[in-house]
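Novice: work39.txt is reproduced in full below (compact mmCIF, C-alpha atoms and all ligand atoms).
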```
# COMPACT_ATOMS: atom_id res chain seq x y z
CA MET A 1 -32.04 2.06 -12.74
CA LYS A 2 -28.30 2.68 -12.51
CA LEU A 3 -27.05 1.91 -9.01
CA LEU A 4 -23.47 3.19 -9.19
CA GLU A 5 -23.83 6.52 -11.02
CA GLY A 6 -21.08 8.94 -9.93
CA LYS A 7 -19.03 6.25 -8.16
CA HIS A 8 -15.38 5.44 -8.89
CA ALA A 9 -14.17 1.84 -8.72
CA LEU A 10 -10.77 0.18 -8.84
CA ILE A 11 -11.03 -3.30 -10.32
CA THR A 12 -8.15 -5.69 -9.70
CA GLY A 13 -7.80 -9.17 -11.17
CA VAL A 14 -8.74 -8.68 -14.81
CA ALA A 15 -6.43 -10.87 -16.89
CA ASN A 16 -8.76 -11.67 -19.79
CA ARG A 17 -12.43 -11.71 -20.69
CA TRP A 18 -13.03 -14.92 -18.67
CA SER A 19 -11.78 -13.40 -15.40
CA ILE A 20 -14.45 -13.01 -12.70
CA ALA A 21 -13.27 -9.39 -12.35
CA THR A 22 -14.26 -8.80 -15.98
CA GLY A 23 -17.84 -9.83 -15.18
CA ILE A 24 -17.78 -7.50 -12.18
CA ALA A 25 -16.38 -4.65 -14.29
CA ARG A 26 -19.03 -5.23 -16.99
CA GLN A 27 -21.85 -4.99 -14.47
CA MET A 28 -20.38 -2.00 -12.61
CA HIS A 29 -19.87 -0.19 -15.94
CA ALA A 30 -23.48 -0.95 -16.92
CA HIS A 31 -24.56 0.61 -13.62
CA GLY A 32 -22.71 3.86 -14.31
CA ALA A 33 -19.48 3.44 -12.30
CA LYS A 34 -16.24 4.91 -13.64
CA LEU A 35 -13.60 2.18 -13.60
CA ALA A 36 -9.84 1.94 -13.24
CA PHE A 37 -8.03 -1.37 -13.66
CA ILE A 38 -4.73 -2.86 -12.62
CA TYR A 39 -2.85 -5.52 -14.54
CA GLN A 40 0.11 -7.68 -13.58
CA GLY A 41 2.88 -7.54 -16.15
CA GLU A 42 3.30 -7.20 -19.91
CA ARG A 43 1.75 -10.62 -20.59
CA VAL A 44 -1.78 -9.35 -19.93
CA LYS A 45 -1.27 -5.63 -20.65
CA ASP A 46 -2.85 -5.52 -24.14
CA GLU A 47 -5.86 -7.59 -23.14
CA VAL A 48 -6.55 -5.51 -20.02
CA GLN A 49 -6.12 -2.22 -21.92
CA LYS A 50 -8.56 -3.47 -24.56
CA LEU A 51 -11.15 -4.41 -21.91
CA ALA A 52 -10.63 -1.08 -20.12
CA ALA A 53 -11.32 0.75 -23.40
CA GLU A 54 -14.53 -1.28 -23.93
CA LEU A 55 -15.71 -0.64 -20.37
CA GLY A 56 -15.61 3.15 -20.20
CA GLY A 57 -12.03 3.98 -21.22
CA GLY A 58 -10.63 4.32 -17.69
CA PRO A 59 -6.95 3.83 -16.87
CA ALA A 60 -5.26 0.40 -16.84
CA ILE A 61 -2.32 0.67 -14.45
CA GLU A 62 0.49 -1.85 -14.09
CA CYS A 63 0.66 -3.11 -10.50
CA ASP A 64 2.01 -6.28 -8.96
CA VAL A 65 0.36 -6.46 -5.52
CA SER A 66 3.46 -8.05 -3.99
CA ASN A 67 5.40 -4.84 -4.71
CA ASP A 68 4.88 -2.03 -2.17
CA GLU A 69 6.39 0.62 -4.48
CA ALA A 70 3.93 -0.34 -7.22
CA LEU A 71 1.08 -0.06 -4.69
CA LEU A 72 2.25 3.42 -3.65
CA ALA A 73 2.43 4.50 -7.31
CA LEU A 74 -1.06 3.05 -7.82
CA SER A 75 -2.52 5.07 -4.97
CA GLN A 76 -0.92 8.27 -6.32
CA ARG A 77 -2.28 7.60 -9.81
CA ILE A 78 -5.80 6.85 -8.52
CA ALA A 79 -5.77 10.01 -6.38
CA LYS A 80 -4.69 12.04 -9.44
CA ASP A 81 -7.16 10.49 -11.91
CA PHE A 82 -10.17 9.95 -9.68
CA GLY A 83 -9.70 12.16 -6.61
CA GLY A 84 -11.40 9.58 -4.40
CA LEU A 85 -12.33 5.92 -4.66
CA ASP A 86 -15.77 4.55 -3.72
CA ILE A 87 -15.30 0.89 -4.61
CA LEU A 88 -12.31 -1.46 -4.36
CA VAL A 89 -12.63 -4.94 -5.87
CA HIS A 90 -10.01 -7.53 -4.87
CA SER A 91 -10.15 -10.44 -7.33
CA ILE A 92 -6.62 -11.81 -7.05
CA ALA A 93 -5.16 -15.18 -6.16
CA PHE A 94 -2.07 -17.17 -6.95
CA VAL A 95 -0.98 -20.63 -5.84
CA ASN A 96 1.75 -22.77 -7.40
CA LYS A 97 0.15 -25.46 -9.54
CA GLU A 98 1.91 -28.27 -7.63
CA ASP A 99 0.16 -27.06 -4.45
CA LEU A 100 -3.29 -27.46 -6.02
CA GLN A 101 -3.22 -31.27 -5.90
CA GLY A 102 -1.98 -34.02 -3.63
CA LYS A 103 -1.44 -33.68 0.09
CA VAL A 104 -1.55 -30.38 2.00
CA TYR A 105 1.36 -31.61 4.17
CA GLU A 106 3.55 -31.61 1.07
CA THR A 107 3.17 -27.83 0.65
CA SER A 108 6.54 -26.09 0.83
CA ARG A 109 7.19 -23.11 3.09
CA GLU A 110 7.87 -21.01 -0.02
CA GLY A 111 4.64 -22.17 -1.70
CA PHE A 112 2.68 -21.31 1.44
CA LYS A 113 4.23 -17.84 1.72
CA LEU A 114 3.60 -17.08 -1.94
CA ALA A 115 -0.04 -18.23 -1.81
CA LEU A 116 -0.79 -16.25 1.35
CA ASP A 117 1.08 -13.15 0.17
CA ILE A 118 -0.69 -12.86 -3.18
CA SER A 119 -4.08 -14.33 -2.30
CA SER A 120 -4.59 -12.97 1.24
CA TYR A 121 -2.11 -10.29 2.39
CA SER A 122 -2.64 -8.37 -0.86
CA LEU A 123 -6.04 -7.22 0.43
CA ILE A 124 -4.35 -5.66 3.46
CA ALA A 125 -1.66 -4.17 1.22
CA LEU A 126 -4.21 -2.63 -1.17
CA VAL A 127 -6.27 -1.13 1.67
CA LYS A 128 -3.13 0.18 3.35
CA ALA A 129 -1.97 1.88 0.13
CA LEU A 130 -5.40 3.24 -0.80
CA ARG A 131 -6.79 4.14 2.64
CA GLU A 132 -6.47 7.91 2.10
CA THR A 133 -8.00 7.66 -1.36
CA LEU A 134 -10.96 5.53 -0.26
CA ASN A 135 -13.96 7.75 0.36
CA ASP A 136 -15.91 7.48 3.61
CA GLY A 137 -18.97 5.32 2.95
CA GLY A 138 -17.15 3.29 0.31
CA SER A 139 -17.26 -0.46 -0.36
CA VAL A 140 -14.41 -2.96 -0.47
CA MET A 141 -14.96 -6.54 -1.61
CA ALA A 142 -12.87 -9.65 -2.15
CA LEU A 143 -13.52 -12.91 -3.98
CA THR A 144 -13.44 -16.09 -1.94
CA TYR A 145 -14.48 -19.74 -2.26
CA TYR A 146 -16.29 -22.37 -0.19
CA GLY A 147 -12.98 -24.25 0.23
CA ALA A 148 -12.12 -21.67 2.93
CA THR A 149 -14.37 -23.36 5.47
CA ALA A 150 -15.02 -26.84 4.03
CA ILE A 151 -12.67 -29.48 2.66
CA VAL A 152 -12.58 -29.36 -1.15
CA PRO A 153 -10.06 -31.96 -2.35
CA ASN A 154 -7.17 -30.40 -4.33
CA TYR A 155 -8.11 -26.81 -3.42
CA ASN A 156 -5.66 -27.31 -0.55
CA ILE A 157 -3.48 -24.29 0.14
CA ALA A 158 -5.86 -22.06 -1.83
CA GLY A 159 -8.55 -22.89 0.75
CA ILE A 160 -6.19 -22.03 3.58
CA ALA A 161 -5.40 -18.70 1.89
CA LYS A 162 -9.13 -18.03 1.46
CA ALA A 163 -9.71 -18.73 5.17
CA ALA A 164 -7.13 -16.03 5.93
CA LEU A 165 -8.72 -13.72 3.36
CA GLU A 166 -12.17 -14.10 4.95
CA ALA A 167 -10.71 -13.31 8.39
CA ILE A 168 -8.93 -10.27 6.89
CA VAL A 169 -12.28 -9.10 5.47
CA ARG A 170 -13.80 -9.18 8.97
CA TYR A 171 -10.91 -7.34 10.65
CA LEU A 172 -10.74 -4.70 7.90
CA ALA A 173 -14.52 -4.25 8.22
CA PHE A 174 -13.91 -3.33 11.85
CA ASP A 175 -10.96 -1.02 11.05
CA LEU A 176 -12.79 0.84 8.28
CA GLY A 177 -16.27 0.71 9.79
CA GLU A 178 -15.71 3.91 11.75
CA ARG A 179 -15.51 5.67 8.37
CA GLY A 180 -18.64 3.94 7.09
CA ILE A 181 -16.55 1.85 4.69
CA ARG A 182 -17.92 -1.66 4.31
CA VAL A 183 -15.78 -4.74 3.61
CA ASN A 184 -17.32 -7.98 2.37
CA ALA A 185 -16.41 -11.19 0.58
CA ILE A 186 -18.27 -12.78 -2.30
CA SER A 187 -17.96 -16.57 -2.24
CA ALA A 188 -18.37 -17.55 -5.88
CA GLY A 189 -19.15 -21.03 -7.15
CA PRO A 190 -16.65 -22.57 -9.57
CA ILE A 191 -16.23 -20.73 -12.89
CA LYS A 192 -13.77 -21.77 -15.62
CA THR A 193 -10.94 -19.22 -15.63
CA ALA A 194 -7.15 -19.28 -16.06
CA SER A 195 -6.70 -19.61 -12.27
CA SER A 196 -9.39 -22.18 -11.55
CA ARG A 197 -8.16 -24.47 -14.32
CA GLN A 198 -4.98 -24.98 -12.26
CA VAL A 199 -6.97 -26.77 -9.52
CA GLY A 200 -6.70 -30.55 -9.89
CA GLY A 201 -9.99 -32.05 -11.18
CA PHE A 202 -11.59 -28.63 -11.71
CA SER A 203 -14.06 -29.75 -14.40
CA LYS A 204 -15.47 -32.32 -11.92
CA MET A 205 -16.15 -29.44 -9.51
CA LEU A 206 -18.29 -27.79 -12.19
CA ASP A 207 -20.16 -31.06 -12.75
CA LYS A 208 -20.81 -31.54 -9.03
CA VAL A 209 -22.27 -28.04 -8.65
CA SER A 210 -24.46 -28.32 -11.73
CA ALA A 211 -25.78 -31.69 -10.52
CA GLY A 212 -25.96 -31.08 -6.78
CA SER A 213 -26.77 -27.42 -6.10
CA PRO A 214 -30.35 -26.35 -5.33
CA LEU A 215 -30.46 -24.44 -8.65
CA ARG A 216 -28.93 -27.45 -10.53
CA ARG A 217 -26.59 -25.27 -12.54
CA ASN A 218 -23.31 -23.39 -12.47
CA ILE A 219 -22.98 -19.64 -12.16
CA SER A 220 -21.50 -16.93 -14.39
CA SER A 221 -19.06 -14.12 -13.72
CA ASP A 222 -21.82 -11.65 -14.62
CA GLU A 223 -23.95 -13.08 -11.80
CA VAL A 224 -21.03 -12.44 -9.45
CA GLY A 225 -20.86 -8.96 -11.01
CA LYS A 226 -24.51 -8.22 -10.25
CA THR A 227 -23.95 -9.15 -6.60
CA ALA A 228 -20.85 -6.93 -6.56
CA VAL A 229 -22.97 -4.02 -7.86
CA TYR A 230 -25.47 -4.60 -5.05
CA LEU A 231 -22.74 -4.76 -2.38
CA ALA A 232 -21.16 -1.56 -3.74
CA SER A 233 -24.47 0.27 -3.95
CA ASP A 234 -26.61 2.12 -1.45
CA LEU A 235 -28.86 -0.98 -1.32
CA ALA A 236 -26.28 -2.62 0.96
CA THR A 237 -25.31 0.20 3.34
CA ALA A 238 -25.72 -1.96 6.48
CA ILE A 239 -23.91 -5.03 5.13
CA THR A 240 -20.31 -5.49 6.21
CA ALA A 241 -17.93 -8.19 7.48
CA ASP A 242 -20.02 -10.72 5.58
CA VAL A 243 -19.32 -13.63 3.24
CA HIS A 244 -22.02 -13.60 0.59
CA PHE A 245 -22.47 -16.80 -1.45
CA VAL A 246 -23.08 -16.64 -5.20
CA ASP A 247 -22.94 -20.38 -5.85
CA ALA A 248 -26.42 -21.56 -6.88
CA GLY A 249 -26.90 -22.53 -3.22
CA TYR A 250 -24.28 -25.32 -3.22
CA HIS A 251 -22.84 -24.32 0.16
CA ALA A 252 -26.14 -25.08 1.90
CA MET A 253 -26.25 -28.75 0.86
CA GLY A 254 -25.53 -31.16 3.73
CA MET A 255 -26.09 -34.38 1.78
CA PHE A 256 -26.65 -35.23 -1.86
CA PRO A 257 -29.43 -37.42 -3.29
CA ASP A 258 -28.35 -40.59 -5.11
CA PRO A 259 -27.96 -40.07 -8.84
CA PRO A 260 -30.87 -41.58 -10.80
CA SER A 261 -30.17 -45.26 -11.59
CA ASP A 262 -30.17 -46.50 -15.20
CA SER A 263 -32.71 -49.27 -14.57
N1 LIG B 301 -12.90 -19.20 -10.87
C1 LIG B 301 -13.41 -19.73 -9.77
O1 LIG B 301 -13.95 -20.86 -9.80
C2 LIG B 301 -13.41 -18.96 -8.48
C3 LIG B 301 -14.33 -19.28 -7.48
C4 LIG B 301 -14.31 -18.56 -6.28
C5 LIG B 301 -13.39 -17.55 -6.10
N2 LIG B 301 -12.49 -17.26 -7.10
C6 LIG B 301 -11.54 -16.16 -6.88
O2 LIG B 301 -11.81 -15.15 -7.81
C7 LIG B 301 -10.63 -14.35 -7.95
C8 LIG B 301 -10.34 -14.14 -9.43
O3 LIG B 301 -9.93 -15.37 -10.02
P1 LIG B 301 -10.43 -15.83 -11.47
O4 LIG B 301 -11.03 -17.17 -11.30
O5 LIG B 301 -11.19 -14.74 -12.13
O6 LIG B 301 -9.05 -16.11 -12.25
P2 LIG B 301 -8.14 -15.12 -13.12
O7 LIG B 301 -6.89 -15.91 -13.38
O8 LIG B 301 -8.85 -14.61 -14.30
O9 LIG B 301 -7.85 -13.92 -12.12
C9 LIG B 301 -6.81 -13.95 -11.16
C10 LIG B 301 -6.16 -12.59 -11.26
O10 LIG B 301 -5.16 -12.42 -10.26
C11 LIG B 301 -4.18 -11.59 -10.84
N3 LIG B 301 -2.94 -11.66 -10.07
C12 LIG B 301 -2.25 -12.78 -9.69
N4 LIG B 301 -1.11 -12.41 -9.07
C13 LIG B 301 -1.10 -11.04 -9.05
C14 LIG B 301 -0.17 -10.08 -8.56
N5 LIG B 301 0.96 -10.46 -7.94
N6 LIG B 301 -0.46 -8.76 -8.70
C15 LIG B 301 -1.61 -8.37 -9.32
N7 LIG B 301 -2.52 -9.24 -9.82
C16 LIG B 301 -2.26 -10.56 -9.68
C17 LIG B 301 -4.01 -12.16 -12.24
O11 LIG B 301 -3.35 -11.25 -13.10
C18 LIG B 301 -5.46 -12.37 -12.61
O12 LIG B 301 -5.98 -11.20 -13.21
C19 LIG B 301 -9.54 -15.08 -7.18
O13 LIG B 301 -9.44 -14.53 -5.88
C20 LIG B 301 -10.09 -16.49 -7.11
O14 LIG B 301 -9.53 -17.24 -6.03
C21 LIG B 301 -12.49 -17.93 -8.28
```
Represent the structure from my file as C-alpha cells, please.
Ligand SMILES: NC(=O)c1ccc[n+]([C@@H]2O[C@H](COP(=O)([O-])OP(=O)(O)OC[C@H]3O[C@@H](n4cnc5c(N)ncnc54)[C@H](O)[C@@H]3O)[C@@H](O)[C@H]2O)c1

Specialist:
Amino acid sequence: MKLLEGKHALITGVANRWSIATGIARQMHAHGAKLAFIYQGERVKDEVQKLAAELGGGPAIECDVSNDEALLALSQRIAKDFGGLDILVHSIAFVNKEDLQGKVYETSREGFKLALDISSYSLIALVKALRETLNDGGSVMALTYYGATAIVPNYNIAGIAKAALEAIVRYLAFDLGERGIRVNAISAGPIKTASSRQVGGFSKMLDKVSAGSPLRRNISSDEVGKTAVYLASDLATAITADVHFVDAGYHAMGMFPDPPSDS
C-alpha cells in the first residue's frame, strides 16, 4: 500500500547518498510522494540533481537556509512547481568541527550563533517562508538526536542546538495546529554520514549503540525514512509536537550490563 500517493514533499538535507534525508526521500518516493529537493552550493549540486532524477525527477533547487532571499525564491519556486506542499522535511545541521570535541565552555560566540542559526533557527525560517505554500493538514518534521536531552560527550554544541530545535518543533506545532498541520521530530540513532563523522569519537558511538541498545544493532537511514513516511501519512493524523525515537531503543536504557568477561 502506498501511503503518500498524491502528496508533495520538500526534502532538505540531501548532500549525498549517505545523507539521512536520502533515506527519507527513497522511502517517500516508494510511497508515491512527489519530491522536490534543496541543495547548498555547487559542491553538492551534481550529486543532489542525480539523486533527484533517480527519485522521481522532481526539482533540485539551490538554497542556503541562512539566506532569507534564497528562502523566498524557494517558496516561489515550490508554489509554481507544486501549487501546495504537504510534507516538509528538515534534515539540516552544521557545527564547526572544533566545537564537536573538548569543553562546551570553549565554544565561541560565533560558533554558537552559527550552530544555532543553521541547525535550529532554519526550521523557523523554512516554515516562515513556506507557510502559505504548506497545505492545511500537512506534516513538518525535523531530525534530532538524543544529545538534546542527555549528555553525549563531544556532541556538545550540537546537543544544545538540538534542544532548541526540539523546543521549536513544539512551538511550531502549536502555531500550525490550528490549520491541522503537524510538526514532529525524529530522534535518530547514530548513522555514519558526512556530518556525524565530524563528531569526536563518532565510531565509538556506533559501537555503543550496537552493543547496548535493546535491539543490539545500529539503525539505517531507510528505517528513519519509513518512520518519516508514517509521520507524513494519514496514519499519524493525531501525532504532533512529539519527539519520536528511531534508535533501536537506546534512549530507554538507564544502565548497561557488564560486557561478557574473557574468562
Ligand atoms: N547521522 C547521525 O548520526 C544523526 C543522528 C541524529 C540526527 N541527525 C541529524 O540528521 C540531519 C541530517 O544529517 P546527516 O547525518 O544526514 O548528515 P548530512 O551531512 O548528510 O546532512 C546534513 C545536511 O545539511 C545541509 N546543510 C548544512 N548547512 C546548510 C545550509 N546552510 N543550507 C542548506 N542546507 C545545509 C548539508 O548540505 C547536508 O545536506 C541533521 O539534522 C543531523 O543533526 C543525524

Novice: Residues near Lys204 (chain A), anyone? I mean within 12 Å using all atoms listed in the file, not counting same-chain ones fewer than 5 positions away, as JSON, numbers by chain.

Specialist: {"A": [152, 153, 154, 190, 191, 192, 196, 197, 199, 209, 210, 211, 212, 218]}

Novice: Residues within 6 Å of ligand LIG 301 (chain B) should be enumerated using all atoms listed in the file and returned as an NGL selection string.

Specialist: :A and (13-15 or 19-21 or 39-40 or 63-66 or 91-94 or 118 or 143-145 or 187-196)

Novice: Nearest residue to Ala236 (chain A) out of A:Val140, A:Ala161, A:Ala150, A:Ile124, using only C-alpha atoms?

Specialist: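 Selected residue with least distance to Ala236 (chain A): A:Val140.
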
Novice: Pick the closest to Phe202 (chain A) from A:Thr149, A:Gln101, A:Gln27, A:Thr12: which is it, counting only C-alpha atoms?

Specialist: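 Ranking A:Thr149, A:Gln101, A:Gln27, A:Thr12 by distance to Phe202 (chain A), first place goes to A:Gln101.
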
Novice: Identify the residues around (-20.8, -8.5, -12.2) within a radius of 9 Å, measuring from only C-alpha atoms in the coordinates stated by the file, and give them as a list in words.

Specialist: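 Output: Ile20, Ala21, Thr22, Gly23, Ile24, Ala25, Arg26, Gln27, Met28, Ser220, Ser221, Asp222, Glu223, Val224, Gly225, Lys226, Thr227, Ala228 and Val229 of chain A.
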
Novice: Quick check, in Å to one decimal: how far apart do CA of Gly84 (chain A) and CA of Gly32 (chain A) lie?

Specialist: 16.1 Å

Novice: Work out how far CA of Pro59 (chain A) is from CA of Leu231 (chain A), in Å to one decimal.

Specialist: 23.1 Å

Novice: Please identify all polymer residues within 9 Å of Gln76 (chain A), counting only C-alpha atoms, omitting same-chain residues fewer than 5 positions from it, and present them as a ChimeraX atom specification.

Specialist: /A:71,81,130,133

Novice: So, counting all atoms listed in the file, which residue among A:Ala79, A:Ile157, A:Ala129, A:Ala60 is closest to Thr107 (chain A)?

Specialist: A:Ile157

Novice: Could you tell me which of A:Leu114, A:Ala232, A:Ala73, A:Val243 comes closest to His31 (chain A) if we count all atoms listed in the file?

Specialist: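 Looking only at the distances to His31 (chain A), the closest residue turns out to be A:Ala232.
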
Novice: From the structure just shown, export region 173-205 of chain A with N, CA and C atoms as a PDB file, in the first residue's frame.

Specialist:
```
ATOM      1  N   ALA A 173       4.357  23.430  16.371  1.00  0.00           N
ATOM      2  CA  ALA A 173       3.186  22.527  16.385  1.00  0.00           C
ATOM      3  C   ALA A 173       1.968  23.289  16.887  1.00  0.00           C
ATOM      4  N   PHE A 174       2.193  24.158  17.882  1.00  0.00           N
ATOM      5  CA  PHE A 174       1.075  24.949  18.406  1.00  0.00           C
ATOM      6  C   PHE A 174       0.635  25.990  17.369  1.00  0.00           C
ATOM      7  N   ASP A 175       1.606  26.696  16.777  1.00  0.00           N
ATOM      8  CA  ASP A 175       1.284  27.731  15.781  1.00  0.00           C
ATOM      9  C   ASP A 175       0.489  27.151  14.607  1.00  0.00           C
ATOM     10  N   LEU A 176       0.935  26.003  14.113  1.00  0.00           N
ATOM     11  CA  LEU A 176       0.370  25.458  12.872  1.00  0.00           C
ATOM     12  C   LEU A 176      -0.784  24.498  13.133  1.00  0.00           C
ATOM     13  N   GLY A 177      -0.972  24.136  14.405  1.00  0.00           N
ATOM     14  CA  GLY A 177      -2.008  23.161  14.743  1.00  0.00           C
ATOM     15  C   GLY A 177      -3.403  23.627  14.376  1.00  0.00           C
ATOM     16  N   GLU A 178      -3.627  24.947  14.410  1.00  0.00           N
ATOM     17  CA  GLU A 178      -4.977  25.438  14.074  1.00  0.00           C
ATOM     18  C   GLU A 178      -5.306  25.199  12.601  1.00  0.00           C
ATOM     19  N   ARG A 179      -4.270  24.924  11.798  1.00  0.00           N
ATOM     20  CA  ARG A 179      -4.507  24.575  10.385  1.00  0.00           C
ATOM     21  C   ARG A 179      -4.400  23.060  10.159  1.00  0.00           C
ATOM     22  N   GLY A 180      -4.319  22.316  11.237  1.00  0.00           N
ATOM     23  CA  GLY A 180      -4.217  20.851  11.116  1.00  0.00           C
ATOM     24  C   GLY A 180      -2.846  20.391  10.647  1.00  0.00           C
ATOM     25  N   ILE A 181      -1.871  21.314  10.656  1.00  0.00           N
ATOM     26  CA  ILE A 181      -0.506  20.934  10.247  1.00  0.00           C
ATOM     27  C   ILE A 181       0.222  20.413  11.476  1.00  0.00           C
ATOM     28  N   ARG A 182       0.821  19.252  11.340  1.00  0.00           N
ATOM     29  CA  ARG A 182       1.515  18.610  12.457  1.00  0.00           C
ATOM     30  C   ARG A 182       3.022  18.847  12.336  1.00  0.00           C
ATOM     31  N   VAL A 183       3.678  18.994  13.477  1.00  0.00           N
ATOM     32  CA  VAL A 183       5.127  19.226  13.488  1.00  0.00           C
ATOM     33  C   VAL A 183       5.747  18.273  14.505  1.00  0.00           C
ATOM     34  N   ASN A 184       6.663  17.444  14.052  1.00  0.00           N
ATOM     35  CA  ASN A 184       7.285  16.446  14.910  1.00  0.00           C
ATOM     36  C   ASN A 184       8.791  16.394  14.675  1.00  0.00           C
ATOM     37  N   ALA A 185       9.480  15.756  15.617  1.00  0.00           N
ATOM     38  CA  ALA A 185      10.910  15.489  15.435  1.00  0.00           C
ATOM     39  C   ALA A 185      11.127  13.984  15.427  1.00  0.00           C
ATOM     40  N   ILE A 186      12.060  13.561  14.605  1.00  0.00           N
ATOM     41  CA  ILE A 186      12.515  12.163  14.634  1.00  0.00           C
ATOM     42  C   ILE A 186      13.902  12.172  15.265  1.00  0.00           C
ATOM     43  N   SER A 187      14.056  11.443  16.370  1.00  0.00           N
ATOM     44  CA  SER A 187      15.361  11.370  17.030  1.00  0.00           C
ATOM     45  C   SER A 187      16.041  10.090  16.569  1.00  0.00           C
ATOM     46  N   ALA A 188      16.971  10.254  15.642  1.00  0.00           N
ATOM     47  CA  ALA A 188      17.623   9.097  15.009  1.00  0.00           C
ATOM     48  C   ALA A 188      18.839   8.674  15.825  1.00  0.00           C
ATOM     49  N   GLY A 189      19.085   7.377  15.862  1.00  0.00           N
ATOM     50  CA  GLY A 189      20.341   6.878  16.420  1.00  0.00           C
ATOM     51  C   GLY A 189      21.484   7.250  15.497  1.00  0.00           C
ATOM     52  N   PRO A 190      22.728   7.053  15.947  1.00  0.00           N
ATOM     53  CA  PRO A 190      23.866   7.445  15.107  1.00  0.00           C
ATOM     54  C   PRO A 190      23.946   6.657  13.792  1.00  0.00           C
ATOM     55  N   ILE A 191      24.196   7.400  12.723  1.00  0.00           N
ATOM     56  CA  ILE A 191      24.364   6.822  11.377  1.00  0.00           C
ATOM     57  C   ILE A 191      25.584   7.517  10.774  1.00  0.00           C
ATOM     58  N   LYS A 192      26.438   6.751  10.100  1.00  0.00           N
ATOM     59  CA  LYS A 192      27.658   7.358   9.534  1.00  0.00           C
ATOM     60  C   LYS A 192      27.300   8.230   8.327  1.00  0.00           C
ATOM     61  N   THR A 193      27.493   9.525   8.473  1.00  0.00           N
ATOM     62  CA  THR A 193      27.252  10.472   7.371  1.00  0.00           C
ATOM     63  C   THR A 193      28.366  11.514   7.402  1.00  0.00           C
ATOM     64  N   ALA A 194      28.372  12.403   6.408  1.00  0.00           N
ATOM     65  CA  ALA A 194      29.400  13.455   6.369  1.00  0.00           C
ATOM     66  C   ALA A 194      29.348  14.299   7.636  1.00  0.00           C
ATOM     67  N   SER A 195      28.150  14.629   8.118  1.00  0.00           N
ATOM     68  CA  SER A 195      28.034  15.466   9.324  1.00  0.00           C
ATOM     69  C   SER A 195      28.442  14.716  10.582  1.00  0.00           C
ATOM     70  N   SER A 196      27.931  13.495  10.740  1.00  0.00           N
ATOM     71  CA  SER A 196      28.176  12.790  12.008  1.00  0.00           C
ATOM     72  C   SER A 196      29.651  12.445  12.170  1.00  0.00           C
ATOM     73  N   ARG A 197      30.350  12.255  11.067  1.00  0.00           N
ATOM     74  CA  ARG A 197      31.780  11.920  11.161  1.00  0.00           C
ATOM     75  C   ARG A 197      32.605  13.057  11.772  1.00  0.00           C
ATOM     76  N   GLN A 198      32.028  14.259  11.826  1.00  0.00           N
ATOM     77  CA  GLN A 198      32.739  15.402  12.422  1.00  0.00           C
ATOM     78  C   GLN A 198      32.733  15.340  13.953  1.00  0.00           C
ATOM     79  N   VAL A 199      31.819  14.539  14.519  1.00  0.00           N
ATOM     80  CA  VAL A 199      31.708  14.460  15.988  1.00  0.00           C
ATOM     81  C   VAL A 199      32.865  13.618  16.528  1.00  0.00           C
ATOM     82  N   GLY A 200      33.596  14.170  17.500  1.00  0.00           N
ATOM     83  CA  GLY A 200      34.738  13.443  18.065  1.00  0.00           C
ATOM     84  C   GLY A 200      34.318  12.069  18.564  1.00  0.00           C
ATOM     85  N   GLY A 201      35.068  11.018  18.184  1.00  0.00           N
ATOM     86  CA  GLY A 201      34.788   9.657  18.669  1.00  0.00           C
ATOM     87  C   GLY A 201      33.513   9.067  18.116  1.00  0.00           C
ATOM     88  N   PHE A 202      33.093   9.479  16.914  1.00  0.00           N
ATOM     89  CA  PHE A 202      31.789   9.032  16.399  1.00  0.00           C
ATOM     90  C   PHE A 202      31.691   7.504  16.260  1.00  0.00           C
ATOM     91  N   SER A 203      32.775   6.852  15.792  1.00  0.00           N
ATOM     92  CA  SER A 203      32.655   5.403  15.568  1.00  0.00           C
ATOM     93  C   SER A 203      32.397   4.668  16.887  1.00  0.00           C
ATOM     94  N   LYS A 204      32.887   5.238  18.008  1.00  0.00           N
ATOM     95  CA  LYS A 204      32.601   4.614  19.321  1.00  0.00           C
ATOM     96  C   LYS A 204      31.108   4.728  19.656  1.00  0.00           C
ATOM     97  N   MET A 205      30.470   5.811  19.187  1.00  0.00           N
ATOM     98  CA  MET A 205      29.023   5.950  19.430  1.00  0.00           C
ATOM     99  C   MET A 205      28.277   4.816  18.733  1.00  0.00           C
TER     100      MET A 205
END
```
